[in-house]
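Data file: my_file_4.cif. Format and content: mmCIF, C-alpha atoms and all ligand atoms.
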data_entry
#
loop_
_atom_site.label_atom_id
_atom_site.label_comp_id
_atom_site.auth_asym_id
_atom_site.auth_seq_id
_atom_site.Cartn_x
_atom_site.Cartn_y
_atom_site.Cartn_z
CA MET A 1 86.70 85.70 39.59
CA LYS A 2 83.61 83.70 38.72
CA TYR A 3 85.43 80.45 39.55
CA GLN A 4 86.75 81.86 42.77
CA LYS A 5 83.21 82.68 43.83
CA LEU A 6 82.00 79.24 42.85
CA ILE A 7 84.79 77.54 44.76
CA THR A 8 84.12 79.66 47.83
CA THR A 9 80.41 78.81 47.73
CA PHE A 10 81.20 75.12 47.28
CA LEU A 11 83.62 75.13 50.21
CA LEU A 12 81.15 76.95 52.39
CA LEU A 13 78.38 74.53 51.55
CA THR A 14 80.48 71.43 52.11
CA ILE A 15 82.60 72.24 55.11
CA CYS A 16 80.78 74.92 56.99
CA HIS A 17 78.44 73.64 59.61
CA VAL A 18 77.43 76.29 62.09
CA GLY A 19 79.07 75.74 65.47
CA VAL A 20 81.12 72.70 64.48
CA PRO A 21 84.74 72.89 63.35
CA ALA A 22 84.98 71.79 59.71
CA GLU A 23 87.15 68.74 60.38
CA ARG A 24 84.57 67.36 62.79
CA VAL A 25 81.56 67.53 60.50
CA ASN A 26 81.99 64.07 59.01
CA ASN A 27 84.15 62.74 61.76
CA PRO A 28 82.69 63.80 65.11
CA SER A 29 85.06 63.35 68.00
CA SER A 30 85.43 64.28 71.64
CA ASN A 31 87.56 67.28 72.51
CA ASP A 32 90.71 65.75 73.96
CA PRO A 33 93.24 65.45 71.12
CA LYS A 34 94.87 62.59 73.01
CA ALA A 35 91.63 60.73 73.80
CA THR A 36 91.99 56.95 73.80
CA GLN A 37 90.47 55.00 70.92
CA GLU A 38 87.83 53.45 73.20
CA THR A 39 86.79 56.91 74.37
CA ILE A 40 86.42 58.21 70.83
CA HIS A 41 84.38 55.15 69.87
CA LEU A 42 82.17 55.60 72.89
CA TYR A 43 81.55 59.21 71.91
CA ARG A 44 80.60 58.28 68.35
CA ASN A 45 78.41 55.41 69.47
CA LEU A 46 76.61 57.62 71.97
CA LEU A 47 75.79 59.93 69.07
CA LYS A 48 74.30 56.98 67.20
CA ILE A 49 72.37 55.39 70.07
CA PRO A 50 69.20 57.51 69.70
CA SER A 51 68.46 55.82 66.37
CA LYS A 52 68.07 52.59 68.39
CA GLY A 53 66.57 53.84 71.64
CA ILE A 54 67.45 55.25 75.05
CA LEU A 55 69.94 53.53 77.34
CA PHE A 56 68.81 53.01 80.92
CA GLY A 57 71.13 53.83 83.82
CA HIS A 58 71.11 53.41 87.60
CA GLN A 59 73.36 55.03 90.20
CA ASP A 60 75.51 52.61 92.24
CA ALA A 61 73.60 49.76 90.57
CA THR A 62 75.84 46.86 91.58
CA LEU A 63 77.17 48.20 94.88
CA TYR A 64 74.02 48.07 96.97
CA GLY A 65 70.25 48.28 96.90
CA ILE A 66 67.26 47.95 99.18
CA GLY A 67 68.22 45.52 101.94
CA TRP A 68 71.68 44.57 100.64
CA LYS A 69 75.21 45.80 100.09
CA TYR A 70 78.21 44.34 98.29
CA GLU A 71 76.72 41.11 96.95
CA LYS A 72 78.45 39.68 93.96
CA ASP A 73 76.81 40.61 90.63
CA ARG A 74 73.60 41.75 92.33
CA SER A 75 71.57 44.74 91.15
CA ASP A 76 68.01 45.77 92.08
CA VAL A 77 67.31 46.51 88.42
CA LYS A 78 68.46 43.03 87.45
CA THR A 79 66.41 41.36 90.19
CA VAL A 80 63.30 43.09 88.87
CA CYS A 81 63.71 42.70 85.10
CA GLY A 82 66.44 40.08 84.66
CA ASP A 83 68.93 42.45 83.06
CA TYR A 84 71.60 44.92 84.12
CA PRO A 85 71.28 48.58 83.30
CA ALA A 86 73.29 49.78 80.29
CA VAL A 87 74.68 52.79 82.16
CA TYR A 88 76.19 52.85 85.65
CA GLY A 89 76.53 56.02 87.71
CA TRP A 90 79.21 56.27 90.44
CA GLU A 91 80.06 58.95 92.96
CA ILE A 92 83.62 59.76 94.10
CA GLY A 93 83.04 62.41 96.80
CA HIS A 94 85.85 62.10 99.44
CA ILE A 95 88.41 60.78 96.96
CA GLU A 96 89.90 64.27 97.34
CA GLN A 97 90.52 63.51 101.04
CA GLU A 98 92.39 60.33 100.22
CA ALA A 99 89.64 58.49 102.09
CA ALA A 100 89.24 54.74 101.72
CA TYR A 101 85.51 55.12 101.08
CA SER A 102 83.15 57.66 99.50
CA LEU A 103 80.67 60.01 101.12
CA ASP A 104 78.10 57.29 100.48
CA SER A 105 80.27 54.76 102.38
CA VAL A 106 81.46 52.81 99.37
CA TYR A 107 85.05 51.60 99.31
CA PHE A 108 86.85 53.09 96.33
CA SER A 109 88.59 49.76 95.79
CA THR A 110 85.18 48.08 95.40
CA MET A 111 83.90 50.88 93.18
CA ARG A 112 86.93 50.48 90.94
CA GLN A 113 86.25 46.75 90.56
CA GLU A 114 82.59 47.37 89.73
CA ILE A 115 83.49 50.03 87.14
CA ILE A 116 85.86 47.63 85.39
CA LYS A 117 83.26 44.85 85.53
CA ALA A 118 80.60 47.14 84.06
CA TYR A 119 82.97 48.01 81.20
CA LYS A 120 83.66 44.35 80.54
CA ARG A 121 79.90 43.73 80.32
CA GLY A 122 79.85 46.39 77.60
CA GLY A 123 78.21 48.95 79.87
CA ILE A 124 78.90 52.66 80.18
CA ASN A 125 80.26 54.37 83.30
CA THR A 126 79.57 57.92 84.44
CA ILE A 127 81.12 59.58 87.50
CA SER A 128 79.99 62.56 89.58
CA TRP A 129 82.03 64.27 92.29
CA HIS A 130 80.41 65.74 95.39
CA CYS A 131 83.67 67.38 96.37
CA ASP A 132 84.09 68.78 99.91
CA ASN A 133 84.34 72.53 100.41
CA PRO A 134 88.06 73.35 100.12
CA LEU A 135 87.79 76.77 101.73
CA THR A 136 85.66 76.14 104.82
CA GLY A 137 86.55 72.50 105.39
CA GLY A 138 82.83 71.69 105.25
CA ASN A 139 81.13 69.28 102.92
CA THR A 140 79.93 69.74 99.35
CA TRP A 141 76.65 71.30 100.57
CA ASP A 142 78.44 73.96 102.64
CA VAL A 143 77.31 77.14 100.90
CA SER A 144 78.32 79.54 103.67
CA SER A 145 80.92 81.36 101.56
CA LYS A 146 80.86 82.91 98.12
CA GLU A 147 84.64 82.87 97.90
CA VAL A 148 85.16 79.14 97.44
CA VAL A 149 85.43 78.90 93.65
CA LYS A 150 87.65 81.96 93.55
CA SER A 151 89.87 80.46 96.25
CA VAL A 152 90.67 77.35 94.21
CA LEU A 153 91.45 79.14 90.93
CA PRO A 154 95.04 80.13 90.07
CA GLY A 155 96.13 82.85 92.49
CA GLY A 156 93.54 81.83 95.09
CA LYS A 157 94.50 80.87 98.63
CA LYS A 158 93.28 77.28 98.29
CA HIS A 159 94.66 76.72 94.82
CA ALA A 160 97.59 74.59 95.98
CA LEU A 161 95.31 72.47 98.16
CA PHE A 162 92.85 72.04 95.32
CA LEU A 163 95.60 70.80 93.01
CA THR A 164 96.32 68.00 95.46
CA TRP A 165 92.61 67.15 95.35
CA LEU A 166 92.62 67.09 91.56
CA ASP A 167 95.75 64.92 91.68
CA ARG A 168 93.80 62.34 93.70
CA VAL A 169 90.91 62.47 91.27
CA ALA A 170 93.38 61.95 88.40
CA GLN A 171 95.00 59.08 90.22
CA PHE A 172 91.68 57.32 90.81
CA LEU A 173 90.52 57.88 87.22
CA ASN A 174 93.82 56.59 85.87
CA SER A 175 93.49 53.48 88.04
CA LEU A 176 90.32 52.45 86.17
CA GLU A 177 92.15 50.10 83.92
CA THR A 178 91.67 46.52 82.78
CA GLU A 179 94.42 43.94 83.21
CA LYS A 180 95.11 44.41 79.51
CA GLY A 181 95.95 48.04 80.21
CA ILE A 182 92.81 49.54 78.66
CA LYS A 183 91.61 52.63 80.50
CA VAL A 184 87.87 52.42 81.08
CA PRO A 185 86.20 55.39 79.36
CA ILE A 186 84.28 57.56 81.81
CA LEU A 187 81.60 60.19 81.31
CA PHE A 188 82.94 62.60 83.92
CA ARG A 189 80.38 65.04 85.31
CA PRO A 190 82.09 67.47 87.69
CA TYR A 191 80.47 70.52 89.31
CA HIS A 192 76.98 69.39 88.35
CA GLU A 193 73.65 71.12 89.12
CA HIS A 194 75.43 74.46 89.19
CA THR A 195 72.30 76.34 88.10
CA GLY A 196 71.03 75.65 91.61
CA SER A 197 72.75 76.92 94.76
CA TRP A 198 73.11 73.87 96.99
CA PHE A 199 76.75 73.03 96.19
CA TRP A 200 79.68 75.43 96.75
CA TRP A 201 80.03 75.91 92.97
CA GLY A 202 76.34 76.86 92.60
CA LYS A 203 74.84 79.86 90.87
CA ASN A 204 74.61 82.22 93.84
CA LEU A 205 78.03 81.23 95.11
CA CYS A 206 80.25 82.29 92.22
CA SER A 207 80.19 84.36 89.05
CA ALA A 208 79.60 82.79 85.63
CA GLU A 209 83.22 83.50 84.72
CA GLU A 210 84.50 81.82 87.89
CA TYR A 211 82.40 78.73 87.23
CA LYS A 212 83.57 78.48 83.63
CA THR A 213 87.19 78.91 84.68
CA LEU A 214 86.83 76.18 87.32
CA PHE A 215 85.46 73.75 84.75
CA GLN A 216 88.04 74.67 82.10
CA PHE A 217 90.91 74.55 84.56
CA THR A 218 89.85 71.09 85.71
CA VAL A 219 89.70 69.75 82.15
CA GLU A 220 93.12 71.16 81.32
CA TYR A 221 94.68 70.01 84.57
CA LEU A 222 93.41 66.44 84.25
CA ARG A 223 94.71 66.33 80.68
CA LYS A 224 98.10 67.44 81.96
CA LYS A 225 97.90 64.55 84.40
CA GLU A 226 97.51 62.23 81.42
CA VAL A 227 93.84 61.49 81.93
CA HIS A 228 92.65 60.87 78.38
CA HIS A 229 89.70 58.54 78.82
CA LEU A 230 87.06 61.05 79.82
CA LEU A 231 84.06 62.55 78.10
CA TYR A 232 83.19 65.72 79.99
CA THR A 233 79.51 66.05 80.74
CA TYR A 234 77.87 69.37 81.50
CA SER A 235 74.82 68.85 83.70
CA PRO A 236 72.94 71.86 85.01
CA ASP A 237 69.87 71.34 87.14
CA ASN A 238 66.44 72.02 85.67
CA VAL A 239 66.38 75.32 83.78
CA SER A 240 63.53 76.99 81.94
CA SER A 241 65.36 78.26 78.87
CA GLU A 242 68.25 77.63 76.52
CA GLN A 243 69.76 80.91 77.62
CA ALA A 244 69.77 79.78 81.27
CA TYR A 245 71.22 76.40 80.29
CA PHE A 246 74.19 78.01 78.53
CA GLU A 247 74.76 80.94 80.85
CA ARG A 248 77.64 79.19 82.61
CA TYR A 249 78.65 76.85 79.78
CA PRO A 250 82.45 76.43 79.72
CA GLY A 251 82.50 76.14 75.92
CA ASP A 252 82.27 73.59 73.14
CA THR A 253 85.90 72.64 73.40
CA TYR A 254 85.56 71.70 77.10
CA VAL A 255 82.23 69.91 77.02
CA ASP A 256 81.64 66.65 75.16
CA ILE A 257 78.16 65.75 76.35
CA LEU A 258 75.13 67.88 77.13
CA GLY A 259 73.30 66.63 80.20
CA ILE A 260 70.50 67.75 82.46
CA ASP A 261 69.63 66.79 86.04
CA MET A 262 65.91 67.09 86.63
CA TYR A 263 63.85 65.35 89.29
CA HIS A 264 60.17 64.78 89.77
CA HIS A 265 59.56 66.39 93.16
CA GLY A 266 56.26 66.81 94.97
CA GLY A 267 54.70 63.43 94.15
CA LYS A 268 51.65 62.94 91.97
CA ALA A 269 50.47 66.50 92.61
CA GLN A 270 53.44 67.90 90.72
CA VAL A 271 53.77 65.38 87.93
CA GLN A 272 52.64 67.84 85.28
CA GLN A 273 55.35 70.26 86.31
CA TYR A 274 57.98 67.56 85.78
CA ILE A 275 56.52 66.61 82.41
CA ASN A 276 56.48 70.23 81.30
CA SER A 277 60.13 70.61 82.30
CA ILE A 278 61.10 67.53 80.29
CA HIS A 279 59.51 68.98 77.16
CA THR A 280 60.98 72.43 77.71
CA VAL A 281 64.53 71.19 78.24
CA PHE A 282 64.70 68.46 75.61
CA GLY A 283 62.78 70.73 73.26
CA PHE A 284 65.67 73.20 73.18
CA LEU A 285 68.51 70.68 73.73
CA THR A 286 67.54 68.49 70.76
CA PRO A 287 68.44 70.98 67.99
CA VAL A 288 71.50 72.21 69.91
CA GLY A 289 72.85 68.67 70.34
CA LYS A 290 72.35 68.04 66.65
CA ARG A 291 74.02 71.24 65.59
CA LEU A 292 77.02 70.80 67.92
CA GLN A 293 77.19 67.03 67.33
CA LYS A 294 77.20 66.35 71.04
CA PRO A 295 75.25 63.53 72.67
CA VAL A 296 72.36 64.70 74.84
CA VAL A 297 71.73 62.78 78.07
CA PHE A 298 69.27 62.81 80.96
CA SER A 299 72.15 62.67 83.43
CA GLU A 300 70.04 62.36 86.60
CA THR A 301 66.37 61.93 87.23
CA GLY A 302 63.81 60.02 89.24
CA SER A 303 61.24 60.55 91.92
CA GLU A 304 62.20 59.59 95.45
CA GLY A 305 60.05 56.67 96.58
CA ILE A 306 58.36 56.55 93.13
CA PRO A 307 54.98 58.13 93.85
CA MET A 308 52.97 56.43 91.07
CA ASN A 309 52.88 52.74 90.22
CA ASN A 310 52.89 53.47 86.48
CA TRP A 311 55.65 56.10 86.74
CA TRP A 312 58.10 54.29 84.44
CA THR A 313 55.90 53.99 81.38
CA GLU A 314 53.36 56.77 81.82
CA VAL A 315 55.53 59.51 83.24
CA LEU A 316 59.13 58.84 82.24
CA LEU A 317 59.04 56.85 79.00
CA LYS A 318 56.00 58.51 77.48
CA ASN A 319 57.58 61.93 77.81
CA ILE A 320 61.18 61.23 76.83
CA GLU A 321 60.70 58.73 74.01
CA ALA A 322 60.30 61.30 71.26
CA TYR A 323 63.67 62.91 71.97
CA PRO A 324 67.10 61.74 70.78
CA ILE A 325 68.48 61.21 74.29
CA ALA A 326 71.41 58.76 74.57
CA TYR A 327 70.65 57.70 78.14
CA VAL A 328 68.46 58.31 81.15
CA LEU A 329 69.86 57.57 84.62
CA VAL A 330 67.91 57.31 87.86
CA TRP A 331 69.54 57.95 91.21
CA ARG A 332 70.50 55.42 93.86
CA ASN A 333 68.60 52.90 95.97
CA ALA A 334 70.21 53.67 99.34
CA TYR A 335 70.79 50.54 101.42
CA ASP A 336 70.57 52.48 104.68
CA ARG A 337 67.58 54.79 104.01
CA PRO A 338 64.53 52.74 103.02
CA ARG A 339 62.66 55.72 101.51
CA HIS A 340 65.66 57.04 99.58
CA TYR A 341 65.29 55.07 96.37
CA PHE A 342 64.76 56.03 92.72
CA GLY A 343 65.16 52.70 90.96
CA PRO A 344 62.84 49.70 91.16
CA HIS A 345 63.26 46.83 93.58
CA PRO A 346 61.28 43.66 94.13
CA ALA A 347 57.98 44.09 95.99
CA GLU A 348 58.08 47.80 95.29
CA HIS A 349 54.73 49.02 93.90
CA SER A 350 56.10 50.18 90.53
CA ALA A 351 58.06 46.96 89.84
CA THR A 352 55.47 45.55 87.38
CA ASP A 353 55.47 48.78 85.46
CA PHE A 354 59.25 48.74 85.43
CA VAL A 355 59.12 45.36 83.66
CA ARG A 356 56.84 46.93 81.02
CA PHE A 357 59.34 49.77 80.72
CA TYR A 358 62.12 47.21 80.30
CA GLN A 359 60.17 45.30 77.64
CA ASN A 360 59.45 48.39 75.59
CA LYS A 361 61.58 48.43 72.42
CA LYS A 362 62.65 51.97 73.06
CA THR A 363 64.50 51.27 76.33
CA LEU A 364 67.94 49.68 76.08
CA PHE A 365 69.52 47.63 78.84
CA GLN A 366 72.64 45.46 79.01
CA LYS A 367 71.32 42.82 76.63
CA ASP A 368 70.39 45.44 74.02
CA LEU A 369 73.75 47.17 74.03
CA PRO A 370 75.61 47.33 70.75
CA ALA A 371 79.43 47.35 70.99
CA MET A 372 80.11 50.81 72.36
CA TYR A 373 83.91 50.77 72.31
CA LYS A 374 84.58 49.75 68.71
C1 LIG A 401 72.30 62.78 96.98
C2 LIG A 401 71.80 61.82 98.03
C3 LIG A 401 72.86 61.76 99.09
C4 LIG A 401 74.21 61.37 98.49
C5 LIG A 401 74.57 62.25 97.31
C6 LIG A 401 75.82 61.81 96.60
O1 LIG A 401 71.35 63.03 96.02
O2 LIG A 401 71.58 60.54 97.48
O3 LIG A 401 72.47 60.82 100.06
O4 LIG A 401 75.23 61.46 99.45
O5 LIG A 401 73.49 62.26 96.41
O6 LIG A 401 75.70 60.54 96.05
#
Would you kindly transcribe this structure into structure tokens?
Amino acid sequence: MKYQKLITTFLLLTICHVGVPAERVNNPSSNDPKATQETIHLYRNLLKIPSKGILFGHQDATLYGIGWKYEKDRSDVKTVCGDYPAVYGWEIGHIEQEAAYSLDSVYFSTMRQEIIKAYKRGGINTISWHCDNPLTGGNTWDVSSKEVVKSVLPGGKKHALFLTWLDRVAQFLNSLETEKGIKVPILFRPYHEHTGSWFWWGKNLCSAEEYKTLFQFTVEYLRKKEVHHLLYTYSPDNVSSEQAYFERYPGDTYVDILGIDMYHHGGKAQVQQYINSIHTVFGFLTPVGKRLQKPVVFSETGSEGIPMNNWWTEVLLKNIEAYPIAYVLVWRNAYDRPRHYFGPHPAEHSATDFVRFYQNKKTLFQKDLPAMYK
């Protein structure tokens, strides 16, 4: 009896780790039992990155920037600091329509090449999906109906259509492959910013259960389509509490990475608000990420037009550096909208500060990247 008690206590102390299945405690892994080796390595290395610093990412980095599009190996970040970002964001809206190019007018064939090139440089790729509205035929921002999520779930009237859309997503993801046959691991971030109500899967447009089912169904369906090189990223928009963050969480076994999308709106006048949000969110995400052994990322941020010339060091870096965040990604520098930029570019007023941000030991770019796939 005494021994039994001792053994039970020992087992509890060694293998029980609240929230994490016992077998994962010493061997953290992503959720897909068939995940490729490179994907598992990426997951483990993302968990380790915060001991070195925070990776820097830029959306559509090598596709276009201010005043250019499709120029070989060019990137606004690289022009400013001499180095590529470590993380590359890409957007596949309109892949579901079998279109040749995305909603941001980028050919999918070109995007595919750039994703493979980024992987070969040792970089990390993350993909979002501004999917059209399958019920109304409108775009991703068409929030005129509250029936959309329901309509795509099993039994819904757009379910069959939606499966064809997911098939196209699967096909594109499976085409991200090197000539050696290695599938490029992707941090896939579907149905993002769902705590807001500007996309058809947003908070006021569906119930929490419907949202969770949509996310879970997508994960399971893509696995059935033999997509095993994804790390699923959950990225709500700015929330003020842990409870709000997890209200629509699909579950630990569906989510690999905990993200947050949070922008600095309102220019200099609202900088304190942004800073406060950073501390609130990473304040509660830090212990959760540790407990669940899931990387925590700043999946989208920035301030359109960068309102302060010391924004990079004094606003962003200063406020995120204390947190174990694997990466921070800023949104795109649109080639066709001169004010719609979030990254640096030459002659832009924050460019000097961006170089200081780059030089800081805490920020990690291409040249600082350890091997992420081994
Ligand atoms: C938004 C804007 C849009 C773009 C969309 C998807 O934030 O940049 O212009 O179409 O992201 O990339």
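Taking all atoms listed in the file into account, Asp132 in chain A lies nearest to A:His94 out of the set A:His94, A:Lys157, A:Arg291, A:His228.
Protein and nucleic acid residues near (66.6, 68.1, 65.1) are Pro50, Phe282, Gly283, Phe284, Leu285, Thr286, Pro287, Val288, Gly289, Lys290, Arg291, Leu292, Gln293, Val296, Ala322, Tyr323, Pro324 and Ile325 of chain A, the criterion being any atom at most 12 Å away using all atoms listed in the file.
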Next on the checklist: For a quick check of understanding, using all atoms listed in the file, which of A:Ser105, A:Ser51, A:Asn27, A:Ser175 has the smallest distance to ligand LIG 401 (chain A)?
Outcome noted: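 Closest to ligand LIG 401 (chain A), using all atoms listed in the file: A:Ser105.
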Checklist entry - Residues within 10 Å of ligand LIG 401 (chain A) (all atoms listed in the file), as JSON, numbers by chain? => result {"A": [59, 60, 89, 90, 91, 92, 93, 102, 103, 104, 105, 128, 129, 130, 131, 140, 141, 300, 304, 331, 332, 333, 334, 336, 337, 340, 341, 342]}
Could the residues in this selection be written to a file with C-alpha atoms, as a CSV table (one decimal), in the coordinates of the input?
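To be explicit, this is the file written out as selection.csv:
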chain,number,residue,atom,x,y,z
A,59,GLN,CA,73.4,55.0,90.2
A,60,ASP,CA,75.5,52.6,92.2
A,89,GLY,CA,76.5,56.0,87.7
A,90,TRP,CA,79.2,56.3,90.4
A,91,GLU,CA,80.1,59.0,93.0
A,92,ILE,CA,83.6,59.8,94.1
A,93,GLY,CA,83.0,62.4,96.8
A,102,SER,CA,83.2,57.7,99.5
A,103,LEU,CA,80.7,60.0,101.1
A,104,ASP,CA,78.1,57.3,100.5
A,105,SER,CA,80.3,54.8,102.4
A,128,SER,CA,80.0,62.6,89.6
A,129,TRP,CA,82.0,64.3,92.3
A,130,HIS,CA,80.4,65.7,95.4
A,131,CYS,CA,83.7,67.4,96.4
A,140,THR,CA,79.9,69.7,99.4
A,141,TRP,CA,76.6,71.3,100.6
A,300,GLU,CA,70.0,62.4,86.6
A,304,GLU,CA,62.2,59.6,95.4
A,331,TRP,CA,69.5,58.0,91.2
A,332,ARG,CA,70.5,55.4,93.9
A,333,ASN,CA,68.6,52.9,96.0
A,334,ALA,CA,70.2,53.7,99.3
A,336,ASP,CA,70.6,52.5,104.7
A,337,ARG,CA,67.6,54.8,104.0
A,340,HIS,CA,65.7,57.0,99.6
A,341,TYR,CA,65.3,55.1,96.4
A,342,PHE,CA,64.8,56.0,92.7
Non-local contacts of Asp237 in chain A (8 Å; all atoms listed in the file; under 4 positions in same chain excluded) as a PDB file with C-alpha atoms, in the frame of the given file:
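Contents of around-v1.pdb, as written:
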ATOM      1  CA  HIS A 192      76.980  69.390  88.350  1.00  0.00           C
ATOM      2  CA  GLU A 193      73.650  71.120  89.120  1.00  0.00           C
ATOM      3  CA  HIS A 194      75.430  74.460  89.190  1.00  0.00           C
ATOM      4  CA  THR A 195      72.300  76.340  88.100  1.00  0.00           C
ATOM      5  CA  GLY A 196      71.030  75.650  91.610  1.00  0.00           C
ATOM      6  CA  ILE A 260      70.500  67.750  82.460  1.00  0.00           C
ATOM      7  CA  ASP A 261      69.630  66.790  86.040  1.00  0.00           C
ATOM      8  CA  MET A 262      65.910  67.090  86.630  1.00  0.00           C
TER       9      MET A 262
END
Next on the checklist: Need to verify the contact set: Trp312 in chain A, 8 Å, only C-alpha atoms, exclusion of same-chain residues closer than 4 positions in sequence. Can you return it as a PyMOL selection string?
Outcome noted: chain A and resi 316-317+350+353-354+357
Keeping C-alpha atoms, export the residues of the selection given above as a tab-separated table (two decimals), in the coordinates of the input.
chain	number	residue	atom	x	y	z
A	316	LEU	CA	59.13	58.84	82.24
A	317	LEU	CA	59.04	56.85	79.00
A	350	SER	CA	56.10	50.18	90.53
A	353	ASP	CA	55.47	48.78	85.46
A	354	PHE	CA	59.25	48.74	85.43
A	357	PHE	CA	59.34	49.77	80.72
Checklist entry - Between CA of Gly123 in chain A and CA of Pro307 in chain A, what is the distance, to one decimal in Å? => result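 Between CA of Gly123 in chain A and CA of Pro307 in chain A the gap works out to 28.6 Å.
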